[in-house]
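Text of final.csv (CSV, C-alpha atoms) as supplied:
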```
chain,number,residue,atom,x,y,z
T,1,PHE,CA,0.0,0.0,0.0
T,2,GLY,CA,2.8,2.4,0.9
T,3,LEU,CA,4.7,1.8,-2.2
T,4,SER,CA,1.7,2.3,-4.5
T,5,THR,CA,0.9,5.5,-2.6
T,6,VAL,CA,4.4,6.9,-3.1
T,7,ALA,CA,4.4,5.8,-6.7
T,8,SER,CA,1.0,7.5,-7.4
T,9,PHE,CA,2.2,10.7,-5.6
T,10,LEU,CA,5.4,10.9,-7.6
T,11,PHE,CA,3.7,10.1,-10.9
T,12,LEU,CA,0.9,12.6,-10.5
T,13,GLY,CA,3.4,15.2,-9.2
T,14,ALA,CA,5.6,14.7,-12.3
T,15,VAL,CA,2.6,14.9,-14.6
T,16,CYS,CA,1.4,18.2,-13.0
T,17,TYR,CA,4.9,19.6,-12.9
T,18,SER,CA,5.3,18.8,-16.6
T,19,LEU,CA,2.0,20.6,-17.3
T,20,TYR,CA,2.4,23.7,-15.0
T,21,GLY,CA,6.1,23.8,-14.0
T,22,TRP,CA,7.3,25.7,-10.9
T,23,GLU,CA,3.9,27.3,-10.3
T,24,PHE,CA,2.5,23.8,-9.5
T,25,LEU,CA,5.2,23.1,-6.9
T,26,GLU,CA,4.8,26.6,-5.4
T,27,ALA,CA,1.0,26.4,-5.1
T,28,CYS,CA,0.7,22.8,-4.2
T,29,TYR,CA,3.6,22.2,-1.7
T,30,LEU,CA,6.0,25.1,-1.0
T,31,TYR,CA,3.4,27.8,-0.1
T,32,HIS,CA,1.9,25.8,2.7
T,33,GLY,CA,5.3,25.2,4.4
T,34,ARG,CA,6.1,28.9,4.8
T,35,ARG,CA,2.5,30.3,5.1
T,36,LEU,CA,2.0,32.6,8.1
T,37,ASP,CA,-1.6,33.2,9.0
T,38,PRO,CA,-2.1,35.8,11.7
T,39,GLN,CA,-5.9,35.8,11.4
T,40,HIS,CA,-7.7,34.1,14.2
T,41,ASN,CA,-8.3,30.4,13.4
T,42,PHE,CA,-8.7,27.3,15.6
T,43,SER,CA,-4.9,26.7,15.6
T,44,VAL,CA,-2.8,27.5,18.7
T,45,TYR,CA,-0.2,29.1,16.3
T,46,PHE,CA,-2.4,32.0,15.1
T,47,TYR,CA,-1.7,34.4,18.0
T,48,PRO,CA,2.1,33.8,18.3
T,49,THR,CA,2.3,34.2,14.5
T,50,ALA,CA,0.4,37.5,14.8
T,51,LEU,CA,2.7,38.7,17.5
T,52,HIS,CA,5.7,37.8,15.4
T,53,LEU,CA,4.4,39.6,12.4
T,54,GLU,CA,3.4,42.7,14.4
T,55,ASP,CA,6.7,43.0,16.3
T,56,PRO,CA,8.7,45.9,14.8
T,57,THR,CA,11.8,45.0,16.7
T,58,GLY,CA,11.9,41.4,15.4
T,59,THR,CA,12.3,40.0,18.9
T,60,TRP,CA,9.2,37.8,19.0
T,61,PRO,CA,10.1,34.4,17.6
T,62,ASN,CA,8.3,32.7,14.7
T,63,ILE,CA,7.3,29.5,16.5
T,64,ALA,CA,5.0,28.6,13.6
T,65,LYS,CA,8.0,27.5,11.5
T,66,PHE,CA,8.4,24.6,13.9
T,67,ALA,CA,4.7,23.6,13.7
T,68,THR,CA,5.3,20.6,11.5
T,69,LEU,CA,7.6,19.0,14.0
T,70,PRO,CA,4.9,18.0,16.6
T,71,GLN,CA,2.5,17.3,13.8
T,72,LEU,CA,4.8,14.9,12.0
T,73,ALA,CA,5.9,13.3,15.2
T,74,LEU,CA,2.3,12.7,16.4
T,75,CYS,CA,1.1,11.5,12.9
T,76,PHE,CA,4.2,9.1,12.7
T,77,TRP,CA,3.6,7.9,16.2
T,78,MET,CA,-0.1,7.2,15.5
T,79,GLY,CA,0.8,5.4,12.3
T,80,MET,CA,3.4,3.2,14.0
T,81,LEU,CA,1.2,2.6,17.0
T,82,GLU,CA,-2.0,1.9,15.1
T,83,SER,CA,-0.6,0.0,12.1
T,84,SER,CA,-2.2,-3.2,13.4
T,85,SER,CA,-5.6,-1.4,13.9
T,86,THR,CA,-8.3,-1.5,11.4
T,87,PRO,CA,-7.7,0.8,8.4
T,88,GLY,CA,-10.7,2.9,9.4
T,89,THR,CA,-9.6,3.6,13.0
T,90,ALA,CA,-6.0,4.1,12.0
T,91,ALA,CA,-7.0,6.7,9.3
T,92,LEU,CA,-9.3,8.4,11.8
T,93,MET,CA,-6.6,8.7,14.4
T,94,GLN,CA,-4.0,10.0,12.0
T,95,SER,CA,-6.5,12.5,10.6
T,96,LEU,CA,-7.4,13.7,14.1
T,97,ALA,CA,-3.7,14.1,14.9
T,98,PHE,CA,-3.0,16.0,11.7
T,99,VAL,CA,-5.9,18.4,12.1
T,100,ALA,CA,-5.4,19.0,15.8
T,101,THR,CA,-1.8,20.0,15.4
T,102,ASN,CA,-2.0,21.8,12.1
T,103,LYS,CA,-0.5,25.3,11.7
T,104,VAL,CA,-3.8,26.7,10.4
T,105,ILE,CA,-7.1,25.2,11.2
T,106,THR,CA,-10.4,26.3,9.8
T,107,ALA,CA,-13.8,24.6,10.1
T,108,GLN,CA,-13.6,22.6,6.9
T,109,TYR,CA,-10.6,20.7,8.3
T,110,PHE,CA,-12.9,18.9,10.7
T,111,VAL,CA,-14.6,17.2,7.8
T,112,TRP,CA,-11.3,15.4,7.2
T,113,TRP,CA,-11.8,13.3,10.4
T,114,TRP,CA,-15.6,13.4,10.5
T,115,ALA,CA,-15.5,11.6,7.1
T,116,MET,CA,-13.5,8.8,8.7
T,117,LEU,CA,-16.0,8.2,11.5
T,118,PRO,CA,-18.4,6.0,9.5
T,119,LEU,CA,-15.4,3.8,8.5
T,120,ALA,CA,-14.2,3.5,12.1
T,121,MET,CA,-17.6,3.2,13.9
T,122,PRO,CA,-17.9,-0.6,13.5
T,123,PHE,CA,-14.5,-1.0,15.3
T,124,LEU,CA,-15.2,1.6,18.1
T,125,ARG,CA,-16.9,1.0,21.4
T,126,TRP,CA,-18.8,4.2,20.6
T,127,TRP,CA,-21.5,3.5,23.3
T,128,ARG,CA,-19.0,4.2,26.1
T,129,TRP,CA,-19.8,7.4,28.0
T,130,LYS,CA,-16.1,8.4,27.9
T,131,PHE,CA,-16.2,8.4,24.1
T,132,TRP,CA,-19.3,10.6,24.0
T,133,ARG,CA,-18.0,12.9,26.8
T,134,ALA,CA,-14.9,13.5,24.6
T,135,LEU,CA,-17.0,14.4,21.6
T,136,LEU,CA,-19.2,16.7,23.7
T,137,SER,CA,-16.2,18.4,25.1
T,138,TRP,CA,-14.9,19.0,21.6
T,139,VAL,CA,-18.3,20.5,20.6
T,140,GLY,CA,-18.2,22.7,23.8
T,141,ALA,CA,-14.6,23.8,23.0
T,142,GLU,CA,-15.6,24.7,19.5
T,143,ILE,CA,-18.6,26.7,20.7
T,144,HIS,CA,-16.5,28.4,23.3
T,145,TRP,CA,-13.9,29.4,20.6
T,146,LEU,CA,-16.7,30.6,18.2
T,147,LEU,CA,-18.1,32.9,20.9
T,148,TRP,CA,-14.9,34.7,21.5
T,149,ALA,CA,-14.1,34.8,17.7
T,150,TYR,CA,-17.5,36.4,17.1
T,151,LEU,CA,-16.8,39.0,19.7
T,152,LEU,CA,-13.4,39.7,18.1
T,153,GLU,CA,-14.5,39.7,14.5
T,154,PHE,CA,-17.9,41.2,14.5
T,155,ARG,CA,-18.1,43.2,17.7
T,156,LYS,CA,-14.5,44.3,17.5
T,157,TRP,CA,-13.8,43.6,21.1
T,158,PRO,CA,-10.0,43.3,22.0
T,159,VAL,CA,-10.2,39.7,23.0
T,160,ARG,CA,-7.5,38.1,20.7
T,161,PRO,CA,-5.6,36.6,23.7
T,162,VAL,CA,-8.9,35.0,24.9
T,163,VAL,CA,-9.5,33.6,21.4
T,164,TRP,CA,-6.0,32.1,21.6
T,165,ALA,CA,-6.8,30.6,25.0
T,166,GLY,CA,-9.9,29.1,23.3
T,167,SER,CA,-7.6,27.7,20.7
T,168,CYS,CA,-5.5,26.0,23.4
T,169,ILE,CA,-8.7,24.6,25.0
T,170,PHE,CA,-9.8,23.4,21.6
T,171,LEU,CA,-6.4,21.6,21.0
T,172,ALA,CA,-6.8,19.9,24.3
T,173,ALA,CA,-10.4,18.8,23.3
T,174,HIS,CA,-9.1,17.5,20.0
T,175,LEU,CA,-6.4,15.5,21.7
T,176,HIS,CA,-8.9,14.2,24.2
T,177,VAL,CA,-11.1,12.9,21.3
T,178,LEU,CA,-7.9,11.2,19.9
T,179,VAL,CA,-7.2,9.5,23.2
T,180,GLN,CA,-10.8,8.3,23.6
T,181,VAL,CA,-10.9,7.0,20.0
T,182,ARG,CA,-7.7,5.1,20.7
T,183,GLN,CA,-9.1,3.7,24.0
T,184,SER,CA,-12.4,2.8,22.4
T,185,THR,CA,-10.9,0.9,19.5
T,186,VAL,CA,-11.8,-2.8,19.5
T,187,GLN,CA,-8.6,-4.7,19.0
T,188,LEU,CA,-8.9,-7.4,16.3
T,189,LYS,CA,-7.3,-10.7,16.9
```
Translate this file's structure into structure tokens.
Amino acid sequence: FGLSTVASFLFLGAVCYSLYGWEFLEACYLYHGRRLDPQHNFSVYFYPTALHLEDPTGTWPNIAKFATLPQLALCFWMGMLESSSTPGTAALMQSLAFVATNKVITAQYFVWWWAMLPLAMPFLRWWRWKFWRALLSWVGAEIHWLLWAYLLEFRKWPVRPVVWAGSCIFLAAHLHVLVQVRQSTVQLK
């Protein structure tokens, strides 16, 4: 599976590069590596990025450039840890890990792991209260974040640090869902 994935990736990349050249590489891969998004989004990196970009002295560090390190480590760890799991639960856990630790997170990113839930549900003990409590805490954290983001964006209140705190709570809720999915997975023999 891994070999066919890499071969497909390289083949399609070569075809698109032959059609569009450097513009394809820039738009598809390189831009996302150096993108800095200071606008509020669900990611914990938005506020430190904004502080870095707004700092005229250049003393505030750009921690977002290291965002891929915990993301890759968690996704790799989930892949190694869950390689013996069912494909549906392994893909769900890797998607959750990727989205939770991404440098920029907007609402459509949640669809990436929501789409995996139907594939994983037969292999999850989804009737456990801990599983539902984790999902409800995720919903609560999202609503909490949305409230502060609304006050920042539409009411123009100076609550950007509170939105960032909401992002931190949301990251914790995401990781709690990941832990509960892992603990709820039925191990196949």
* Within 10 Å of Phe110 (chain T) using only C-alpha atoms, minus same-chain residues under 3 positions, as a list of chain:residue names -> T:Ser95, T:Leu96, T:Val99, T:Ala100, T:Ile105, T:Thr106, T:Ala107, T:Trp113, T:Trp114, T:Ala115
What does the file look like for those residues with C-alpha atoms, as an mmCIF file, in the coordinates of the input?
```cif
data_model
loop_
_atom_site.group_PDB
_atom_site.id
_atom_site.type_symbol
_atom_site.label_atom_id
_atom_site.label_comp_id
_atom_site.auth_asym_id
_atom_site.auth_seq_id
_atom_site.Cartn_x
_atom_site.Cartn_y
_atom_site.Cartn_z
ATOM 1 C CA SER T 95 -6.500 12.500 10.600
ATOM 2 C CA LEU T 96 -7.400 13.700 14.100
ATOM 3 C CA VAL T 99 -5.900 18.400 12.100
ATOM 4 C CA ALA T 100 -5.400 19.000 15.800
ATOM 5 C CA ILE T 105 -7.100 25.200 11.200
ATOM 6 C CA THR T 106 -10.400 26.300 9.800
ATOM 7 C CA ALA T 107 -13.800 24.600 10.100
ATOM 8 C CA TRP T 113 -11.800 13.300 10.400
ATOM 9 C CA TRP T 114 -15.600 13.400 10.500
ATOM 10 C CA ALA T 115 -15.500 11.600 7.100
#
```
* Atom pair CA of Gly166 (chain T) / CA of Leu124 (chain T): separation (Å) ->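 CA of Gly166 (chain T) sits 28.5 Å away from CA of Leu124 (chain T).
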* Can you find the residues with an atom no farther than 12 Å from (-19.8, 6.0, 16.4), counting only C-alpha atoms, and report them as a PyMOL selection string? -> chain T and resi 88-89+92+114-129+131-132+135+180-181+184-185
* Separation of CA of Phe76 (chain T) from CA of Glu26 (chain T) in Å -> 25.2 Å
* Quote the spacing between CA of Tyr47 (chain T) and CA of Ala149 (chain T) in Å to one decimal place. =>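 Pair CA of Tyr47 (chain T) / CA of Ala149 (chain T) returns 12.4 Å.
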* Residues within 12 Å of (1.0, 32.9, 5.9), counting all atoms listed in the file, listed as a ChimeraX atom specification -> /T:30-39,45-46,49-50,52-53,62,64-65,103-104
* Residues at most 10 Å from Met80 (chain T), counting only C-alpha atoms, excluding those fewer than 5 positions away in the same chain, as a count of residues only? -> 3
* To do: Would you list the contacts of Met78 (chain T) as a PyMOL selection string, taking every protein, DNA or RNA residue within 7 Å and counting all atoms listed in the file, but skipping same-chain residues closer than 4 positions in sequence?
  => chain T and resi 74+82+93-94
Go ahead and dump the residues you just picked, C-alpha atoms, as a short mmCIF file (atom, residue, chain, number, x, y, z; two decimals), in the coordinates of the input.
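So selection-v6.cif came out as:
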```
data_model
loop_
_atom_site.label_atom_id
_atom_site.label_comp_id
_atom_site.auth_asym_id
_atom_site.auth_seq_id
_atom_site.Cartn_x
_atom_site.Cartn_y
_atom_site.Cartn_z
CA LEU T 74 2.30 12.70 16.40
CA GLU T 82 -2.00 1.90 15.10
CA MET T 93 -6.60 8.70 14.40
CA GLN T 94 -4.00 10.00 12.00
#
```
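Proximity of T:Tyr17, T:Phe66, T:Trp138, T:Trp145 to Asn102 (chain T), computed with only C-alpha atoms, is greatest for T:Phe66.
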